[in-house]
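Note sheet for the following structure.
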Amino acid sequence: MDALKRSLNTVAGVLVAAGLIGWIVWPQKKAIALAVAALGLVALALYVYLNRAALGPKLSRKSLLYSGNMILVVLLVLAILGLANYFLAKHNHRWDFTKAKVHSLSGQSIAVLKGLKTDISFKCFFRVGNYDRAAMEDLLKIYAYHSPRVRYEFIDPDKNPALVKRYGVTQDGTTVLEAGNKEGRVTTTSEEDVTNALIKATRAQKKVIYFLEGHGEGSIEATDEGGFSTAKAELEKLGYEVRKQALALADRFPADCALLVVAGPQKDLLPNEYETIRTYLRNGGRALVLVDPETATLLPIFLADYGVKLENDVVVDKVSRLLGGDYFIPIVSEYDASHPITAKFPYPIFLPLARSVDAAETKPDGAALTVLAKTSQNAYAKIDFLLKPKMTLDDIAYAAGKDRPGPINVALAGTYKFPAAPAAAPEAKPGQPAPAVKPGGKETEARLVVMGDSDFAKNGYYGMSGNGNFFLNAANWLTEEADLIAIQPKTQTPRTIQLTPSQGRLIFLVSIVILPLVVLLLGISVWVRRRSL
Amino acid sequence: MKNIGSLVRKELRAYFSSPVAYVVISGFLLLVGYFYYSLITWFNSAAMQMAQNPYYAQQVNINEMVFSPLFHNMTILLVFVAPLLTMRLLAEEKKTGTDELLFTSPLSVGEIVLGKYLAALIMWALMLGLTALLSVFAFVYGNPELAPWLTGYLGLFLLGALFLAIGLFFSSLTENQIVAAFLTIVTLFLLLVLNWVTSSGGGGWRSVVSYISFSEHFEDMTRGIVDTKDLVYYASFSFFGLFLAHSAIQSRRWR
């Protein structure tokens, strides 16, 4: 009995330890572990109770009191230091002493970070061995330093397939930034790209896209096959605001217009409408013009001013036509690989009833035109062709000498640089106020995308293959804002050394032989001297 | 203050009158010299290759490619050197029984701790100063940037201050110098590599663990960045080490 009384504390210790170990190793059997630990505590209490006579004097000893006191003080100091570190780590200041400030952000980036209104979380999908991971972490560390709203975490895509799927990450080294319900992504570790993604994801003001109406265009509200409601919804998902705009009766062109979409007008625009659009473009406007065959007679003339050649034709594709569709749905899968809209664009697009869109031989000054997409060799453009209710194969047969052989160009993108406008009002007609000329008289750049079909972006065809993506790509390129910042890469002076062989030998001798040896000899001399004392 | 000064002088005399200090310093210099020489000869040929390519030519940087790794290597050496500097300080007094004498002298416990600590710190500064002589070659034959080099040495000095405080604490616990040194090495090494477990993922405890780890606070200093966060970390850890040593000595009075 006595032995049990004395060793009860050991039993208690073993039980408590076993309980704790059990809790850590088998967390699913928490109840058993807790029960074992509780049993240990009971044993401890029993031990104290049974041995109270022997323990009494020990417990009241001065040293125990002092020890307890000291432990308390140490814990208190530890807590104070912990709190101080916690607080000061959050309110730190850092200095970058490198000459080129290579470990600092540019002023533009810092301004963007200081202006953040929402929390940003960076989700960095980097494999553990990815060389860029450290660079990204260093960069985001500085972003987080400048703004408490920035949070970041690194996710190993191999270990988190669910997150990879949820964020649609397809490339190692992708960083997704979330700002509220908006998101952006970067696949490089350059400050410029990260900051631009940040600007896009946090832009409070939505860019507004206007669809022209009043000429029989498909409505952005119509949910039937001929409407643009799907395109509208998809644009809104990207953070745009989509409205419709009638120009004929409006006394003012909307100042917030980021992009004007002329989506397949069935009737011609009025001359003053053309004039308004022309002024809009002159001031750096952006327009996406979708022109169906056999419509809008003045539109080709208007577009000719911008180096765009529209023939009165219809593209016929007898081979690669849509399965089950007729010969008027050419499939387009040859793209210009250098243009941002079509670079790496992997999907074919279907253009129901399309006309050709070409670059004219003579283009206006300051214009740069790119043919974005063309049909296969098998397609051809029937010139001066009228669609009839019932057409036979003979009607659409290729007429040598008259029709144009494939490949037929169907989409074109152009940028137009206009010199600084005079301060006076530009060529606006009376009663048709033009948008104000941007102050400062800066050179303006207009962007224009012309496609020979409007149906591909309508509800009926929007979801088909790459149609929707192509439409969004074009819209994104057109609305690209000039305020997205460009950050110069930091130029550093090379910090190097050129050693001749004899200099190398000198360094070897001094650093490995002479310096340690001198100290060692000093020691030996001290030792010898002290021995002889 | 005068008391501390005389104690520091006495301790420094003790260092230099025995061959141990010389052996430690010369061994340390030999290793640092070896690292320096191999890094600089490697860099010499690598820089020549990089200079061929205009993209890489601009990124040739002796500070980041020679000094930064050199400073990192020196932290590893420091894990073993710091205990050699501190193990004797309090343990020997206890072993030889001179601690009774010391603690009954007019010096307060705080002054004793501080005096011994400062002596070790001066030794460390001296060792760093000697290694800095090697860098003269780089500055004569090349064009390193001075500021990151200086902040790197500042970081090494502060890290040494922290290590010595921890070493002093372990020296105060025992009368066996080997035990003191070994406990110090284990603790320092563990704290140096503590952030390895945090290399993947985030989360609350991971950020605390990586904050405690030395390497988190040293990295930036080798690249020319000084952060108040790191200075606070070094100061508080060093203070805590000294405070623990102080408390351990105090506790002898009633034990």
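We name chains A, B, ... following the order of the structure tokens; residues begin at 1 in each chain, and ligands are numbered from 1 as shown.
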Legend entry - Shell of 7 Å around Pro144 of chain B, only C-alpha atoms, local chain residues under 4 positions omitted, as a PyMOL selection string: (chain A and resi 495-496) or (chain B and resi 62-63+138-139)
Take the residues from that selection and put them in a file with N, CA, C and O atoms, as a PDB file, in the first residue's frame.
```pdb
ATOM      1  N   ARG A 495      27.902  44.419 -60.862  1.00  0.00           N
ATOM      2  CA  ARG A 495      28.841  44.458 -59.736  1.00  0.00           C
ATOM      3  C   ARG A 495      29.729  43.239 -59.876  1.00  0.00           C
ATOM      4  O   ARG A 495      29.306  42.131 -59.578  1.00  0.00           O
ATOM      5  N   THR A 496      30.922  43.457 -60.348  1.00  0.00           N
ATOM      6  CA  THR A 496      31.712  42.284 -60.676  1.00  0.00           C
ATOM      7  C   THR A 496      33.165  42.443 -60.251  1.00  0.00           C
ATOM      8  O   THR A 496      33.545  43.433 -59.621  1.00  0.00           O
TER       9      THR A 496
ATOM     10  N   ILE B  62      28.221  40.877 -57.356  1.00  0.00           N
ATOM     11  CA  ILE B  62      29.126  40.236 -56.402  1.00  0.00           C
ATOM     12  C   ILE B  62      28.529  40.243 -55.000  1.00  0.00           C
ATOM     13  O   ILE B  62      28.752  39.339 -54.207  1.00  0.00           O
ATOM     14  N   ASN B  63      27.716  41.257 -54.712  1.00  0.00           N
ATOM     15  CA  ASN B  63      27.084  41.301 -53.391  1.00  0.00           C
ATOM     16  C   ASN B  63      26.158  40.109 -53.178  1.00  0.00           C
ATOM     17  O   ASN B  63      26.173  39.474 -52.130  1.00  0.00           O
ATOM     18  N   ALA B 138      38.000  42.327 -52.664  1.00  0.00           N
ATOM     19  CA  ALA B 138      36.862  42.516 -53.557  1.00  0.00           C
ATOM     20  C   ALA B 138      36.690  43.993 -53.888  1.00  0.00           C
ATOM     21  O   ALA B 138      36.390  44.357 -55.022  1.00  0.00           O
ATOM     22  N   PHE B 139      36.911  44.844 -52.883  1.00  0.00           N
ATOM     23  CA  PHE B 139      36.710  46.274 -53.129  1.00  0.00           C
ATOM     24  C   PHE B 139      37.852  46.865 -53.959  1.00  0.00           C
ATOM     25  O   PHE B 139      37.665  47.832 -54.680  1.00  0.00           O
TER      26      PHE B 139
END
```
Inset, instruction - Please return, as a count of residues only, all residues of chain B lying within 7 Å of chain A when only C-alpha atoms are considered. - result: 41
Inset, instruction - Run DSSP on the backbone and grab whatever in segment 180-214 of chain A lands in alpha helix (DSSP H); send it over as an MDAnalysis selection string. - result: chainID A and resid 191:202
Only C-alpha atoms, please: the residues just picked out, written as a compact mmCIF listing (two decimals), in the first residue's frame.
```txt
# COMPACT_ATOMS: atom_id res chain seq x y z
CA GLU A 191 6.29 43.94 -60.60
CA GLU A 192 4.68 45.54 -63.65
CA ASP A 193 2.40 42.57 -64.30
CA VAL A 194 1.45 42.12 -60.66
CA THR A 195 0.60 45.79 -60.21
CA ASN A 196 -1.41 45.91 -63.42
CA ALA A 197 -3.36 42.85 -62.36
CA LEU A 198 -3.95 44.58 -59.05
CA ILE A 199 -5.28 47.68 -60.78
CA LYS A 200 -7.61 45.65 -62.96
CA ALA A 201 -8.93 43.57 -60.10
CA THR A 202 -9.62 46.52 -57.85
```
Inset, instruction - Compile the contact shell of segment 110-113 of chain A as a list in words: residues with an atom at most 8 Å away, counting only C-alpha atoms, same-chain residues fewer than 2 positions apart removed. - result: Leu105, Ser106, Gly107, Gln108, Gly115, Leu116, Tyr143, His146, Ser147, Thr195 and Ile199 of chain A
Within 12 Å of Phe239 of chain B, counting only C-alpha atoms, which residues qualify if same-chain residues fewer than 2 places away don't, as a PDB file with N, CA, C and O atoms, in the first residue's frame?
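Heads up, here's the output in part.pdb:
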```
ATOM      1  N   VAL A  74       9.506  35.296 -15.422  1.00  0.00           N
ATOM      2  CA  VAL A  74      10.033  34.933 -16.736  1.00  0.00           C
ATOM      3  C   VAL A  74       8.894  34.871 -17.751  1.00  0.00           C
ATOM      4  O   VAL A  74       9.000  35.382 -18.878  1.00  0.00           O
ATOM      5  N   VAL A  77       7.824  38.372 -18.661  1.00  0.00           N
ATOM      6  CA  VAL A  77       8.762  39.017 -19.592  1.00  0.00           C
ATOM      7  C   VAL A  77       8.576  38.446 -20.993  1.00  0.00           C
ATOM      8  O   VAL A  77       8.541  39.174 -21.990  1.00  0.00           O
ATOM      9  N   LEU A  78       8.412  37.119 -21.043  1.00  0.00           N
ATOM     10  CA  LEU A  78       8.221  36.470 -22.342  1.00  0.00           C
ATOM     11  C   LEU A  78       6.963  37.001 -23.024  1.00  0.00           C
ATOM     12  O   LEU A  78       6.962  37.301 -24.231  1.00  0.00           O
ATOM     13  N   ILE A  80       5.508  39.909 -22.519  1.00  0.00           N
ATOM     14  CA  ILE A  80       5.705  41.305 -22.935  1.00  0.00           C
ATOM     15  C   ILE A  80       6.509  41.362 -24.230  1.00  0.00           C
ATOM     16  O   ILE A  80       6.158  42.068 -25.185  1.00  0.00           O
ATOM     17  N   LEU A  81       7.597  40.559 -24.268  1.00  0.00           N
ATOM     18  CA  LEU A  81       8.424  40.552 -25.474  1.00  0.00           C
ATOM     19  C   LEU A  81       7.625  40.044 -26.672  1.00  0.00           C
ATOM     20  O   LEU A  81       7.720  40.576 -27.762  1.00  0.00           O
TER      21      LEU A  81
ATOM     22  N   GLY B 110      23.247  41.852 -12.421  1.00  0.00           N
ATOM     23  CA  GLY B 110      23.069  42.450 -13.743  1.00  0.00           C
ATOM     24  C   GLY B 110      24.390  42.903 -14.330  1.00  0.00           C
ATOM     25  O   GLY B 110      24.675  42.681 -15.509  1.00  0.00           O
ATOM     26  N   VAL B 113      26.462  39.825 -15.464  1.00  0.00           N
ATOM     27  CA  VAL B 113      25.961  39.269 -16.721  1.00  0.00           C
ATOM     28  C   VAL B 113      26.348  40.167 -17.888  1.00  0.00           C
ATOM     29  O   VAL B 113      26.874  39.714 -18.904  1.00  0.00           O
ATOM     30  N   LEU B 114      26.136  41.453 -17.681  1.00  0.00           N
ATOM     31  CA  LEU B 114      26.401  42.397 -18.768  1.00  0.00           C
ATOM     32  C   LEU B 114      27.891  42.470 -19.092  1.00  0.00           C
ATOM     33  O   LEU B 114      28.282  42.504 -20.265  1.00  0.00           O
ATOM     34  N   TYR B 117      28.950  39.385 -20.912  1.00  0.00           N
ATOM     35  CA  TYR B 117      28.348  39.395 -22.242  1.00  0.00           C
ATOM     36  C   TYR B 117      29.084  40.354 -23.163  1.00  0.00           C
ATOM     37  O   TYR B 117      29.407  40.026 -24.316  1.00  0.00           O
ATOM     38  N   LEU B 158      24.533  41.397 -35.101  1.00  0.00           N
ATOM     39  CA  LEU B 158      23.332  41.269 -34.271  1.00  0.00           C
ATOM     40  C   LEU B 158      23.004  39.804 -34.004  1.00  0.00           C
ATOM     41  O   LEU B 158      22.602  39.430 -32.900  1.00  0.00           O
ATOM     42  N   ALA B 161      25.237  38.691 -31.383  1.00  0.00           N
ATOM     43  CA  ALA B 161      24.804  39.192 -30.083  1.00  0.00           C
ATOM     44  C   ALA B 161      23.724  38.297 -29.497  1.00  0.00           C
ATOM     45  O   ALA B 161      23.716  37.987 -28.298  1.00  0.00           O
ATOM     46  N   LEU B 162      22.824  37.856 -30.374  1.00  0.00           N
ATOM     47  CA  LEU B 162      21.736  36.980 -29.937  1.00  0.00           C
ATOM     48  C   LEU B 162      22.287  35.613 -29.500  1.00  0.00           C
ATOM     49  O   LEU B 162      21.936  35.095 -28.434  1.00  0.00           O
ATOM     50  N   PHE B 163      23.163  35.054 -30.337  1.00  0.00           N
ATOM     51  CA  PHE B 163      23.723  33.731 -30.040  1.00  0.00           C
ATOM     52  C   PHE B 163      24.494  33.759 -28.721  1.00  0.00           C
ATOM     53  O   PHE B 163      24.414  32.835 -27.915  1.00  0.00           O
ATOM     54  N   LEU B 164      25.254  34.823 -28.515  1.00  0.00           N
ATOM     55  CA  LEU B 164      26.068  34.905 -27.304  1.00  0.00           C
ATOM     56  C   LEU B 164      25.190  35.012 -26.064  1.00  0.00           C
ATOM     57  O   LEU B 164      25.513  34.449 -25.021  1.00  0.00           O
ATOM     58  N   ALA B 165      24.065  35.712 -26.191  1.00  0.00           N
ATOM     59  CA  ALA B 165      23.156  35.828 -25.045  1.00  0.00           C
ATOM     60  C   ALA B 165      22.607  34.453 -24.679  1.00  0.00           C
ATOM     61  O   ALA B 165      22.520  34.091 -23.499  1.00  0.00           O
ATOM     62  N   ILE B 166      22.250  33.671 -25.710  1.00  0.00           N
ATOM     63  CA  ILE B 166      21.738  32.325 -25.439  1.00  0.00           C
ATOM     64  C   ILE B 166      22.853  31.451 -24.844  1.00  0.00           C
ATOM     65  O   ILE B 166      22.638  30.694 -23.886  1.00  0.00           O
ATOM     66  N   LEU B 168      25.364  32.453 -23.095  1.00  0.00           N
ATOM     67  CA  LEU B 168      25.616  32.890 -21.723  1.00  0.00           C
ATOM     68  C   LEU B 168      24.584  32.265 -20.779  1.00  0.00           C
ATOM     69  O   LEU B 168      24.922  31.838 -19.669  1.00  0.00           O
ATOM     70  N   PHE B 169      23.362  32.186 -21.231  1.00  0.00           N
ATOM     71  CA  PHE B 169      22.322  31.586 -20.403  1.00  0.00           C
ATOM     72  C   PHE B 169      22.666  30.129 -20.095  1.00  0.00           C
ATOM     73  O   PHE B 169      22.605  29.690 -18.943  1.00  0.00           O
ATOM     74  N   VAL B 232      14.028  44.602 -33.866  1.00  0.00           N
ATOM     75  CA  VAL B 232      13.281  44.332 -32.640  1.00  0.00           C
ATOM     76  C   VAL B 232      13.457  42.874 -32.239  1.00  0.00           C
ATOM     77  O   VAL B 232      13.653  42.535 -31.059  1.00  0.00           O
ATOM     78  N   TYR B 233      13.417  42.006 -33.234  1.00  0.00           N
ATOM     79  CA  TYR B 233      13.573  40.574 -32.960  1.00  0.00           C
ATOM     80  C   TYR B 233      14.923  40.301 -32.312  1.00  0.00           C
ATOM     81  O   TYR B 233      15.002  39.625 -31.273  1.00  0.00           O
ATOM     82  N   TYR B 234      15.994  40.829 -32.897  1.00  0.00           N
ATOM     83  CA  TYR B 234      17.322  40.580 -32.342  1.00  0.00           C
ATOM     84  C   TYR B 234      17.433  41.145 -30.929  1.00  0.00           C
ATOM     85  O   TYR B 234      17.950  40.493 -30.027  1.00  0.00           O
ATOM     86  N   ALA B 235      16.935  42.359 -30.769  1.00  0.00           N
ATOM     87  CA  ALA B 235      17.045  43.003 -29.458  1.00  0.00           C
ATOM     88  C   ALA B 235      16.285  42.209 -28.408  1.00  0.00           C
ATOM     89  O   ALA B 235      16.802  41.948 -27.314  1.00  0.00           O
ATOM     90  N   SER B 236      15.052  41.784 -28.740  1.00  0.00           N
ATOM     91  CA  SER B 236      14.270  41.126 -27.705  1.00  0.00           C
ATOM     92  C   SER B 236      14.796  39.730 -27.389  1.00  0.00           C
ATOM     93  O   SER B 236      14.794  39.314 -26.232  1.00  0.00           O
ATOM     94  N   PHE B 237      15.267  39.018 -28.430  1.00  0.00           N
ATOM     95  CA  PHE B 237      15.821  37.688 -28.163  1.00  0.00           C
ATOM     96  C   PHE B 237      17.095  37.789 -27.320  1.00  0.00           C
ATOM     97  O   PHE B 237      17.294  37.011 -26.381  1.00  0.00           O
ATOM     98  N   GLY B 241      17.653  36.267 -23.539  1.00  0.00           N
ATOM     99  CA  GLY B 241      18.751  35.377 -23.164  1.00  0.00           C
ATOM    100  C   GLY B 241      19.466  35.891 -21.927  1.00  0.00           C
ATOM    101  O   GLY B 241      19.720  35.144 -20.980  1.00  0.00           O
ATOM    102  N   LEU B 242      19.766  37.197 -21.934  1.00  0.00           N
ATOM    103  CA  LEU B 242      20.461  37.788 -20.788  1.00  0.00           C
ATOM    104  C   LEU B 242      19.585  37.757 -19.543  1.00  0.00           C
ATOM    105  O   LEU B 242      20.050  37.500 -18.434  1.00  0.00           O
ATOM    106  N   PHE B 243      18.288  38.002 -19.750  1.00  0.00           N
ATOM    107  CA  PHE B 243      17.367  37.994 -18.616  1.00  0.00           C
ATOM    108  C   PHE B 243      17.307  36.607 -17.990  1.00  0.00           C
ATOM    109  O   PHE B 243      17.298  36.458 -16.756  1.00  0.00           O
ATOM    110  N   LEU B 244      17.290  35.565 -18.838  1.00  0.00           N
ATOM    111  CA  LEU B 244      17.268  34.200 -18.327  1.00  0.00           C
ATOM    112  C   LEU B 244      18.548  33.897 -17.556  1.00  0.00           C
ATOM    113  O   LEU B 244      18.513  33.283 -16.479  1.00  0.00           O
ATOM    114  N   ALA B 245      19.684  34.351 -18.104  1.00  0.00           N
ATOM    115  CA  ALA B 245      20.957  34.130 -17.404  1.00  0.00           C
ATOM    116  C   ALA B 245      20.913  34.811 -16.046  1.00  0.00           C
ATOM    117  O   ALA B 245      21.315  34.237 -15.025  1.00  0.00           O
ATOM    118  N   HIS B 246      20.410  36.023 -16.031  1.00  0.00           N
ATOM    119  CA  HIS B 246      20.276  36.798 -14.791  1.00  0.00           C
ATOM    120  C   HIS B 246      19.403  36.044 -13.790  1.00  0.00           C
ATOM    121  O   HIS B 246      19.770  35.871 -12.621  1.00  0.00           O
TER     122      HIS B 246
END
```
Legend entry - Those of segment 222-288 of chain A in DSSP strand (DSSP E or B), formatted as a ChimeraX atom specification: /A:241-246,257-263,286-288
Keeping only all heavy atoms, write those residues as a CSV table (one decimal), in the first residue's frame.
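Final output, saved to part-v9.csv:
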```
chain,number,residue,atom,x,y,z
A,241,GLU,N,-19.7,47.1,-67.6
A,241,GLU,CA,-21.1,47.4,-67.6
A,241,GLU,C,-21.5,47.6,-69.1
A,241,GLU,O,-20.8,48.1,-69.9
A,241,GLU,CB,-21.3,48.8,-66.9
A,241,GLU,CG,-22.7,49.0,-66.4
A,241,GLU,CD,-22.8,50.2,-65.6
A,241,GLU,OE1,-21.8,50.6,-64.8
A,241,GLU,OE2,-23.8,50.9,-65.7
A,242,VAL,N,-22.7,47.0,-69.4
A,242,VAL,CA,-23.1,47.0,-70.8
A,242,VAL,C,-24.4,47.8,-70.9
A,242,VAL,O,-25.4,47.5,-70.2
A,242,VAL,CB,-23.3,45.5,-71.3
A,242,VAL,CG1,-23.7,45.5,-72.7
A,242,VAL,CG2,-22.1,44.7,-71.0
A,243,ARG,N,-24.4,48.8,-71.8
A,243,ARG,CA,-25.6,49.6,-72.0
A,243,ARG,C,-25.9,49.7,-73.5
A,243,ARG,O,-25.0,49.4,-74.3
A,243,ARG,CB,-25.4,51.0,-71.4
A,243,ARG,CG,-25.3,51.0,-69.9
A,243,ARG,CD,-25.2,52.4,-69.5
A,243,ARG,NE,-24.6,52.5,-68.2
A,243,ARG,CZ,-23.9,53.6,-67.8
A,243,ARG,NH1,-23.7,54.6,-68.6
A,243,ARG,NH2,-23.4,53.6,-66.6
A,244,LYS,N,-27.1,50.1,-73.8
A,244,LYS,CA,-27.3,50.4,-75.2
A,244,LYS,C,-27.4,51.9,-75.5
A,244,LYS,O,-27.7,52.7,-74.5
A,244,LYS,CB,-28.6,49.7,-75.7
A,244,LYS,CG,-29.8,49.9,-74.8
A,244,LYS,CD,-31.0,49.0,-75.2
A,244,LYS,CE,-32.2,49.3,-74.3
A,244,LYS,NZ,-33.3,48.6,-74.7
A,245,GLN,N,-27.1,52.3,-76.7
A,245,GLN,CA,-27.0,53.7,-77.0
A,245,GLN,C,-27.6,53.9,-78.4
A,245,GLN,O,-27.2,53.3,-79.3
A,245,GLN,CB,-25.6,54.1,-76.9
A,245,GLN,CG,-25.3,55.5,-77.3
A,245,GLN,CD,-25.8,56.5,-76.2
A,245,GLN,OE1,-25.8,56.2,-75.0
A,245,GLN,NE2,-26.2,57.7,-76.6
A,246,ALA,N,-28.5,54.9,-78.4
A,246,ALA,CA,-29.0,55.3,-79.7
A,246,ALA,C,-28.3,56.6,-80.0
A,246,ALA,O,-28.4,57.6,-79.2
A,246,ALA,CB,-30.5,55.5,-79.7
A,257,CYS,N,-17.8,56.1,-72.4
A,257,CYS,CA,-17.8,55.0,-73.3
A,257,CYS,C,-16.4,54.4,-73.5
A,257,CYS,O,-15.5,55.1,-74.0
A,257,CYS,CB,-18.4,55.4,-74.7
A,257,CYS,SG,-18.4,54.1,-75.9
A,258,ALA,N,-16.3,53.2,-73.0
A,258,ALA,CA,-15.0,52.5,-73.2
A,258,ALA,C,-14.9,51.8,-74.5
A,258,ALA,O,-13.8,51.5,-75.0
A,258,ALA,CB,-14.7,51.6,-72.0
A,259,LEU,N,-16.1,51.4,-75.0
A,259,LEU,CA,-16.1,50.6,-76.2
A,259,LEU,C,-17.5,50.8,-76.8
A,259,LEU,O,-18.5,50.7,-76.2
A,259,LEU,CB,-15.8,49.2,-76.0
A,259,LEU,CG,-16.0,48.2,-77.2
A,259,LEU,CD1,-15.1,48.5,-78.3
A,259,LEU,CD2,-15.8,46.8,-76.7
A,260,LEU,N,-17.5,51.1,-78.1
A,260,LEU,CA,-18.8,51.2,-78.8
A,260,LEU,C,-18.9,49.9,-79.7
A,260,LEU,O,-18.0,49.7,-80.5
A,260,LEU,CB,-18.8,52.4,-79.7
A,260,LEU,CG,-20.1,52.6,-80.6
A,260,LEU,CD1,-21.3,52.9,-79.7
A,260,LEU,CD2,-19.9,53.7,-81.6
A,261,VAL,N,-20.0,49.2,-79.6
A,261,VAL,CA,-20.2,48.0,-80.4
A,261,VAL,C,-21.2,48.3,-81.4
A,261,VAL,O,-22.4,48.6,-81.0
A,261,VAL,CB,-20.6,46.8,-79.5
A,261,VAL,CG1,-20.7,45.5,-80.4
A,261,VAL,CG2,-19.5,46.5,-78.4
A,262,VAL,N,-20.9,48.2,-82.6
A,262,VAL,CA,-21.9,48.3,-83.7
A,262,VAL,C,-22.1,46.9,-84.2
A,262,VAL,O,-21.4,46.3,-84.9
A,262,VAL,CB,-21.3,49.2,-84.9
A,262,VAL,CG1,-22.4,49.4,-85.9
A,262,VAL,CG2,-20.9,50.6,-84.3
A,263,ALA,N,-23.2,46.3,-83.6
A,263,ALA,CA,-23.4,44.9,-83.8
A,263,ALA,C,-24.4,44.6,-84.9
A,263,ALA,O,-25.6,44.3,-84.7
A,263,ALA,CB,-23.9,44.3,-82.5
A,286,ARG,N,-12.8,53.6,-79.0
A,286,ARG,CA,-12.6,52.2,-79.4
A,286,ARG,C,-13.9,51.7,-79.9
A,286,ARG,O,-15.0,52.0,-79.4
A,286,ARG,CB,-12.3,51.4,-78.1
A,286,ARG,CG,-11.2,52.0,-77.3
A,286,ARG,CD,-9.9,51.8,-78.0
A,286,ARG,NE,-8.8,52.7,-77.5
A,286,ARG,CZ,-7.9,52.3,-76.7
A,286,ARG,NH1,-8.0,51.1,-76.1
A,286,ARG,NH2,-6.9,53.1,-76.3
A,287,ALA,N,-13.9,51.0,-81.0
A,287,ALA,CA,-15.1,50.5,-81.6
A,287,ALA,C,-14.9,49.1,-82.1
A,287,ALA,O,-13.9,48.7,-82.7
A,287,ALA,CB,-15.5,51.4,-82.8
A,288,LEU,N,-16.0,48.3,-81.9
A,288,LEU,CA,-16.1,46.9,-82.5
A,288,LEU,C,-17.2,46.9,-83.5
A,288,LEU,O,-18.4,47.2,-83.1
A,288,LEU,CB,-16.3,45.9,-81.4
A,288,LEU,CG,-16.6,44.5,-81.8
A,288,LEU,CD1,-15.4,43.9,-82.6
A,288,LEU,CD2,-16.9,43.6,-80.5
```
Inset, instruction - Please provide as a ChimeraX atom specification all residues within 7 Å of Ala91 of chain B, with the sequence filter that same-chain residues fewer than 2 positions apart are discarded (counting only C-alpha atoms). - result: /B:87-89,93-95,171-172,174-177
Inset, instruction - Please measure the separation of atom CA of Thr187 of chain B and atom CA of Ser207 of chain B, giving the value in Å to one decimal. - result: 19.5 Å
Legend entry - For Lys10 of chain B: contacts at 12 Å, only C-alpha atoms, fewer than 2 positions along chain excluded, given as a ChimeraX atom specification: /B:3-8,12-17,89,112,115-116,118-120
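Interatomic distance, atom CA of Phe80 of chain B against atom CA of Arg9 of chain B: 24.3 Å.
Atom CA of Asp268 of chain A is positioned 6.5 Å from atom CA of Leu298 of chain A.
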Inset, instruction - Name all residues at most 9 Å from Leu372 of chain A (count only C-alpha atoms; drop same-chain ones fewer than 2 positions away) and give them as a VMD selection string. - result: chain A and resid 334 to 337 339 341 to 342 370 374 409 to 413
